[in-house]
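**Q** To start, I am sharing the structure in question, which I have written as structure tokens.
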Amino acid sequence: MRGAEMNELRLFREDGLRIDGRRVDELRPVKMEVGVLDKSDGSAYIEMGKTKIFAAVFGPKEAHPRHLSQPHRAILNCRYHMATFSVEERKHPGMTRREIELSKVIKESLESLVFLNEYPRSAIDVYIEVVQADAGTRTAGLTAASLALADAGIQMNDLCCGVAVGKVGGRIVLDPSEEEDKHGEADMPIAIAPRQNSIVLLQLNGRMTREEMRLGIEMARKGIEVLYSVQIAALTKRVRSSHQGGSGRY
Amino acid sequence: MTDFVRAGDLVVPGDEISDEVKRGGRNTYLLSGRVRASVFGVVVERNNKFEVIAVKGVYKPSKGDYVIGVVKDVKPNVIEVDLGEHIVATLRPSSQRRRTERLSIGDVIYARVKYSGLRGVILEYDASLRKIEKGLLVRVNPVVVAGLLDKRHGLLNVIRSEAGCNVNVGMNGVLVISGPSVDSELAVLSAIRSMEEDFTSPDLVDRVVAQLRRSLIVEVEGDEGGGDE
């Protein structure tokens with residue numbers, strides 16, 4: 001009985017909407033918050049659907065070990081890590097191959113945003129901790145990391161927002177959920193620096209035609225516009241909320 | 001010649017500030033003929049240039065800045081000064097003046113930056129160098145430094161007349177508050193801390209003064225209460 005149900009897995013409803021009721025070009029509910037952690041120099045929290053991620057930034061500070069420091073620029077270290085309880089089956093706490101790869105990919109995206117040559121001989125550490133994973137963690141992590149960097153007052157040329165585009169049942173969908181990601185044909189995470197309109201991350205798992213890819217990138221751009229406005233609201237709120245907190249005490 | 005923001009506006013990295021290329025100051029950069037913000041902060045206009053004061057962030061030394069540091073080490077030819085974060089500046093006393101007459105480890109000094117670059121940070125050893133004898137040493141955000149140094153506000157004078165405290169402002173985010181009593185120094189500190197919270201409001205000075213008066217009264221009352229018992 002269960003097997004039969006599994007075979008009839010449907011990712012679209014009869015009215016054409018996705019199983020979670022979204023349109024093909026609709027994001028999951030997004031929530032962002034800046035300055036959530038006290039001990040780091042900058043921090044941010046993001047929720048995209050069921051995905052929940054913290055990002056924290058330390059620095060610019062002295063680079064350790066010393067021999068890694070560069071005389072003309074800062075080095076950027078990035079660690080993307082998933083909590084043991086972030087997935088259904090307990091994940092072992094060490095860094096997996098996937099996490100090491102994502103750390104590298106995210107680091108390279110962030111390096112294109114930060115003015116590293118403004119901070120000679122220093123290091124900037126970015127920590128991305130996935131508390132709950134439900135697809136799109138690398139793009140959400142990158143979005144949160146760019147907010148945390150801005151919160152730390154680090155000089156950068158732009159913020160950055162990321163979202164994934166998937167191919168599910170032959171259709172291109174924005175921001176696939178865990179189920180769509182698992183059972184879809186392709187997954188393409190994209191991150192864009194919105195003010196410069198430049199792509200800072202683009203990966204593709206699976207196959208897409210040239211036309212599908214063009215459509216996917218277009219869809220991602222629209223989603224990123226929404227994400228960017230949420231980002232700005234989160235940053236502005238950081239100042240305003242502490243403002244209100246201040247007046248409340250008077 | 002269009003400006004996209006006004007002084008006092010909040011900007012995020014990448015925001016356009018002006019299309020007048022020459023008007024870019026600190027914490028801005030140029031892209032496709034436009035001056036843009038490179039940090040999250042508040043726009044100020046100084047010497048006909050737009051600068052962005054970061055809400056938070058580490059200090060980046062630049063020539064001419066007045067800073068406050070703690071003497072970390074005194075070597076035969078060089079004195080190392082800790083400017084906070086991880087910046088260690090050097091001070092090279094000239095041969096005419098004997099360094100031993102003045103500085104020892106742990107001293108707090110007020111000095112001007114002579115050079116900042118690949119050779120590190122070098123402080124000026126001249127009449128501008130001063131030893132700060134006493135006071136409350138605190139670290140604050142860049143917005144607070146900018147607010148205190150803003151001539152239009154004249155906050156330093158206000159604090160001096162209200163609480164009798166002198167505030168030495170290091171542009172590296174280090175302040176030394178020195179006044180007649182520890183209580184008055186703490187009152188000034190709480191007023192300065194309140195700036196961190198509402199630096200975008202136009203009535204900044206009034207708020208700070210109100211906070212200062214309030215904390216001064218509390219201190220006085222607290223003192224009296226203690227005396228009665």
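Order determines the names: the first chain of the structure tokens is A, the second B, and so forth; residues in each chain are numbered 1 upward, and ligands are numbered 1 upward as they are shown.
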Run DSSP on the backbone and give me the residues of range 135-222 of chain B it puts in strand (DSSP E), as a ChimeraX atom specification.
**A** /B:136-139,166-170,174-178
**Q** With only C-alpha atoms as the counted atoms, please give the residues lying no more than 6 Å from range 57-68 of chain B, apart from itself and same-chain residues fewer than 3 positions off, as a list of chain:residue names.
**A**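 Close residues of range 57-68 of chain B: A:Ala152, A:Gly153, B:Ile109, B:Tyr110, B:Ala111, B:Arg112, B:Val113, B:Lys114, B:Tyr115, B:Ser116, B:Gly170, B:Met171, B:Asn172, B:Val174.
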**Q** Taking only C-alpha atoms into account, find every residue of chain B that has an atom no more than 9 Å from chain A, and write it out as an mmCIF file with N, CA and C atoms, in the first residue's frame.
**A**
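Produced file result.cif, reproduced below:
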```cif
data_model
loop_
_atom_site.group_PDB
_atom_site.id
_atom_site.type_symbol
_atom_site.label_atom_id
_atom_site.label_comp_id
_atom_site.auth_asym_id
_atom_site.auth_seq_id
_atom_site.Cartn_x
_atom_site.Cartn_y
_atom_site.Cartn_z
ATOM 1 N N LEU B 10 20.554 56.447 6.094
ATOM 2 C CA LEU B 10 21.149 55.144 6.360
ATOM 3 C C LEU B 10 21.392 54.444 5.025
ATOM 4 N N VAL B 11 22.598 53.922 4.812
ATOM 5 C CA VAL B 11 22.877 53.228 3.551
ATOM 6 C C VAL B 11 23.442 51.837 3.820
ATOM 7 N N VAL B 12 23.283 50.957 2.843
ATOM 8 C CA VAL B 12 23.868 49.615 2.929
ATOM 9 C C VAL B 12 24.931 49.517 1.829
ATOM 10 N N PRO B 13 25.869 48.561 1.936
ATOM 11 C CA PRO B 13 26.908 48.461 0.911
ATOM 12 C C PRO B 13 26.302 48.361 -0.488
ATOM 13 N N GLY B 14 26.825 49.159 -1.415
ATOM 14 C CA GLY B 14 26.338 49.115 -2.788
ATOM 15 C C GLY B 14 25.368 50.225 -3.113
ATOM 16 N N ASP B 15 24.818 50.895 -2.107
ATOM 17 C CA ASP B 15 23.863 51.978 -2.348
ATOM 18 C C ASP B 15 24.548 53.143 -3.061
ATOM 19 N N GLU B 16 23.841 53.730 -4.021
ATOM 20 C CA GLU B 16 24.401 54.875 -4.732
ATOM 21 C C GLU B 16 24.289 56.125 -3.872
ATOM 22 N N ASN B 27 34.907 55.282 3.314
ATOM 23 C CA ASN B 27 33.903 54.217 3.231
ATOM 24 C C ASN B 27 32.976 54.337 2.027
ATOM 25 N N THR B 28 33.526 54.849 0.921
ATOM 26 C CA THR B 28 32.768 54.829 -0.326
ATOM 27 C C THR B 28 33.661 54.250 -1.414
ATOM 28 N N TYR B 29 33.074 53.861 -2.521
ATOM 29 C CA TYR B 29 33.865 53.414 -3.659
ATOM 30 C C TYR B 29 33.166 53.829 -4.946
ATOM 31 N N LEU B 31 31.809 52.931 -8.773
ATOM 32 C CA LEU B 31 31.459 51.895 -9.732
ATOM 33 C C LEU B 31 30.570 52.521 -10.794
ATOM 34 N N ARG B 36 29.468 55.049 -4.339
ATOM 35 C CA ARG B 36 28.595 54.125 -3.617
ATOM 36 C C ARG B 36 29.113 53.876 -2.211
ATOM 37 N N ALA B 37 28.221 53.463 -1.339
ATOM 38 C CA ALA B 37 28.611 53.163 0.045
ATOM 39 C C ALA B 37 29.298 51.807 0.085
ATOM 40 N N SER B 38 30.324 51.681 0.910
ATOM 41 C CA SER B 38 30.952 50.361 1.045
ATOM 42 C C SER B 38 30.728 49.753 2.417
ATOM 43 N N VAL B 39 30.058 50.472 3.311
ATOM 44 C CA VAL B 39 29.693 49.866 4.601
ATOM 45 C C VAL B 39 28.239 50.195 4.932
ATOM 46 N N PHE B 40 27.729 49.507 5.916
ATOM 47 C CA PHE B 40 26.394 49.781 6.423
ATOM 48 C C PHE B 40 26.527 50.902 7.453
ATOM 49 N N GLY B 41 25.938 52.044 7.182
ATOM 50 C CA GLY B 41 26.101 53.146 8.124
ATOM 51 C C GLY B 41 25.350 54.395 7.722
ATOM 52 N N ALA B 54 30.374 53.934 9.663
ATOM 53 C CA ALA B 54 29.854 52.595 9.915
ATOM 54 C C ALA B 54 29.154 52.543 11.268
ATOM 55 N N VAL B 55 28.017 51.849 11.305
ATOM 56 C CA VAL B 55 27.289 51.701 12.565
ATOM 57 C C VAL B 55 28.171 50.950 13.568
ATOM 58 N N LYS B 56 28.830 49.940 13.083
ATOM 59 C CA LYS B 56 29.734 49.134 13.892
ATOM 60 C C LYS B 56 30.964 48.892 13.035
ATOM 61 N N GLY B 57 32.028 48.416 13.619
ATOM 62 C CA GLY B 57 33.153 48.054 12.771
ATOM 63 C C GLY B 57 34.476 48.348 13.415
ATOM 64 N N VAL B 58 35.528 47.814 12.811
ATOM 65 C CA VAL B 58 36.859 48.027 13.364
ATOM 66 C C VAL B 58 37.433 49.314 12.788
ATOM 67 N N LYS B 60 40.106 51.725 11.091
ATOM 68 C CA LYS B 60 41.191 51.645 10.105
ATOM 69 C C LYS B 60 42.002 52.915 10.209
ATOM 70 N N GLU B 85 41.591 46.578 18.836
ATOM 71 C CA GLU B 85 41.453 45.577 17.769
ATOM 72 C C GLU B 85 42.766 44.800 17.727
ATOM 73 N N HIS B 86 43.436 44.779 16.589
ATOM 74 C CA HIS B 86 44.741 44.129 16.628
ATOM 75 C C HIS B 86 45.806 45.083 16.105
ATOM 76 N N ILE B 87 45.525 46.367 16.222
ATOM 77 C CA ILE B 87 46.463 47.344 15.673
ATOM 78 C C ILE B 87 47.497 47.733 16.732
ATOM 79 N N GLY B 117 50.236 52.239 6.638
ATOM 80 C CA GLY B 117 50.369 51.560 5.353
ATOM 81 C C GLY B 117 51.126 50.266 5.512
ATOM 82 N N LEU B 118 51.893 49.933 4.479
ATOM 83 C CA LEU B 118 52.581 48.640 4.492
ATOM 84 C C LEU B 118 53.601 48.524 5.628
ATOM 85 N N SER B 194 24.113 55.905 25.379
ATOM 86 C CA SER B 194 22.771 56.086 24.815
ATOM 87 C C SER B 194 22.850 56.567 23.371
ATOM 88 N N GLU B 196 24.760 55.308 21.145
ATOM 89 C CA GLU B 196 24.894 54.133 20.287
ATOM 90 C C GLU B 196 23.529 53.655 19.830
ATOM 91 N N GLU B 197 22.519 53.958 20.639
ATOM 92 C CA GLU B 197 21.199 53.419 20.339
ATOM 93 C C GLU B 197 20.389 54.305 19.414
ATOM 94 N N ASP B 198 20.560 55.600 19.468
ATOM 95 C CA ASP B 198 19.655 56.447 18.678
ATOM 96 C C ASP B 198 20.406 57.510 17.885
ATOM 97 N N PHE B 199 21.487 57.090 17.236
ATOM 98 C CA PHE B 199 22.315 58.065 16.540
ATOM 99 C C PHE B 199 21.659 58.658 15.311
ATOM 100 N N THR B 200 20.562 58.045 14.801
ATOM 101 C CA THR B 200 19.948 58.590 13.590
ATOM 102 C C THR B 200 18.927 59.677 13.908
ATOM 103 N N SER B 201 18.548 59.816 15.181
ATOM 104 C CA SER B 201 17.498 60.784 15.492
ATOM 105 C C SER B 201 18.058 62.203 15.420
ATOM 106 N N GLN B 211 19.631 62.369 29.064
ATOM 107 C CA GLN B 211 20.142 61.151 29.706
ATOM 108 C C GLN B 211 21.214 61.509 30.741
#
```
**Q** List the neighbours of Ile159 in chain B out to 12 Å using only C-alpha atoms; skip same-chain residues closer than 2 positions along the sequence, and give me the result as a VMD selection string.
**A** chain B and resid 148 153 to 157 161 to 168 177 to 179 184 to 185 187 to 192 205 to 206 208 to 213 216
**Q** In Å, rounded to a single decimal, give me how far CA of Asp25 in chain A is from CA of Pro189 in chain A.
**A**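 Going from CA of Pro189 in chain A over to CA of Asp25 in chain A covers 14.6 Å.
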**Q** Can you list, as a list of chain:residue names, every protein, DNA or RNA residue that comes within 12 Å of Asp107 in chain B when you count only C-alpha atoms, leaving out same-chain residues fewer than 6 positions away?
**A**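 So, after excluding close chain neighbours, the residues are B:Ile68, B:Gly69, B:Val70, B:Val71, B:Lys72, B:Asp73, B:Val74, B:Ile79, B:Glu80, B:Val81, B:Asp82, B:Arg130, B:Lys131, B:Ile132, B:Glu133, B:Lys134, B:Gly135, B:Leu137.
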**Q** Could you please take those selected residues and save N, CA and C atoms as a PDB file, in the first residue's frame?
**A**
```pdb
ATOM      1  N   ILE B  68      43.805  57.202  20.729  1.00  0.00           N
ATOM      2  CA  ILE B  68      44.201  56.946  22.111  1.00  0.00           C
ATOM      3  C   ILE B  68      44.658  55.499  22.195  1.00  0.00           C
ATOM      4  N   GLY B  69      45.828  55.287  22.763  1.00  0.00           N
ATOM      5  CA  GLY B  69      46.347  53.927  22.862  1.00  0.00           C
ATOM      6  C   GLY B  69      47.021  53.683  24.192  1.00  0.00           C
ATOM      7  N   VAL B  70      47.292  52.416  24.449  1.00  0.00           N
ATOM      8  CA  VAL B  70      47.959  52.024  25.684  1.00  0.00           C
ATOM      9  C   VAL B  70      49.364  51.550  25.331  1.00  0.00           C
ATOM     10  N   VAL B  71      50.369  52.059  26.038  1.00  0.00           N
ATOM     11  CA  VAL B  71      51.748  51.654  25.766  1.00  0.00           C
ATOM     12  C   VAL B  71      51.904  50.186  26.134  1.00  0.00           C
ATOM     13  N   LYS B  72      52.365  49.420  25.144  1.00  0.00           N
ATOM     14  CA  LYS B  72      52.424  47.976  25.302  1.00  0.00           C
ATOM     15  C   LYS B  72      53.843  47.538  25.639  1.00  0.00           C
ATOM     16  N   ASP B  73      54.808  48.224  25.028  1.00  0.00           N
ATOM     17  CA  ASP B  73      56.204  47.845  25.247  1.00  0.00           C
ATOM     18  C   ASP B  73      57.093  49.060  24.995  1.00  0.00           C
ATOM     19  N   VAL B  74      58.133  49.168  25.806  1.00  0.00           N
ATOM     20  CA  VAL B  74      59.098  50.243  25.595  1.00  0.00           C
ATOM     21  C   VAL B  74      60.430  49.600  25.272  1.00  0.00           C
ATOM     22  N   ILE B  79      58.669  52.606  20.805  1.00  0.00           N
ATOM     23  CA  ILE B  79      57.629  52.327  21.799  1.00  0.00           C
ATOM     24  C   ILE B  79      56.429  51.747  21.058  1.00  0.00           C
ATOM     25  N   GLU B  80      55.932  50.624  21.529  1.00  0.00           N
ATOM     26  CA  GLU B  80      54.762  50.016  20.878  1.00  0.00           C
ATOM     27  C   GLU B  80      53.499  50.422  21.617  1.00  0.00           C
ATOM     28  N   VAL B  81      52.502  50.839  20.824  1.00  0.00           N
ATOM     29  CA  VAL B  81      51.254  51.314  21.416  1.00  0.00           C
ATOM     30  C   VAL B  81      50.093  50.483  20.888  1.00  0.00           C
ATOM     31  N   ASP B  82      49.288  49.959  21.806  1.00  0.00           N
ATOM     32  CA  ASP B  82      48.130  49.158  21.424  1.00  0.00           C
ATOM     33  C   ASP B  82      46.945  50.090  21.161  1.00  0.00           C
ATOM     34  N   ARG B 130      50.511  63.314  23.952  1.00  0.00           N
ATOM     35  CA  ARG B 130      50.154  63.690  25.312  1.00  0.00           C
ATOM     36  C   ARG B 130      49.889  62.423  26.123  1.00  0.00           C
ATOM     37  N   LYS B 131      50.250  62.473  27.395  1.00  0.00           N
ATOM     38  CA  LYS B 131      49.945  61.338  28.265  1.00  0.00           C
ATOM     39  C   LYS B 131      48.657  61.670  29.008  1.00  0.00           C
ATOM     40  N   ILE B 132      47.722  60.710  29.060  1.00  0.00           N
ATOM     41  CA  ILE B 132      46.490  60.969  29.796  1.00  0.00           C
ATOM     42  C   ILE B 132      46.650  60.352  31.184  1.00  0.00           C
ATOM     43  N   GLU B 133      46.564  61.212  32.199  1.00  0.00           N
ATOM     44  CA  GLU B 133      46.924  60.764  33.546  1.00  0.00           C
ATOM     45  C   GLU B 133      45.837  59.946  34.212  1.00  0.00           C
ATOM     46  N   LYS B 134      44.557  60.410  34.096  1.00  0.00           N
ATOM     47  CA  LYS B 134      43.511  59.662  34.790  1.00  0.00           C
ATOM     48  C   LYS B 134      42.190  59.728  34.033  1.00  0.00           C
ATOM     49  N   GLY B 135      41.295  58.830  34.377  1.00  0.00           N
ATOM     50  CA  GLY B 135      39.990  58.832  33.729  1.00  0.00           C
ATOM     51  C   GLY B 135      39.479  57.419  33.509  1.00  0.00           C
ATOM     52  N   LEU B 137      38.582  54.622  30.872  1.00  0.00           N
ATOM     53  CA  LEU B 137      38.931  54.232  29.505  1.00  0.00           C
ATOM     54  C   LEU B 137      37.837  53.316  28.965  1.00  0.00           C
TER      55      LEU B 137
END
```
**Q** In Å, rounded to a single decimal, give me how far CA of Glu26 in chain A is from CA of Lys222 in chain A.
**A**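 Distance reported for this atom pair: 9.4 Å.
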**Q** Would you work out the distance separating CA of Thr143 in chain A from CA of Lys104 in chain A, expressed in Å to one decimal?
**A**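 Atom-to-atom, CA of Thr143 in chain A and CA of Lys104 in chain A are spaced 15.4 Å apart.
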**Q** Given the choices A:His81, A:Arg221, A:Lys237, A:His183, which gets closest to Val34 in chain A if the distance is worked out from only C-alpha atoms?
**A**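 Among the listed residues, A:Lys237 lies closest to Val34 in chain A.
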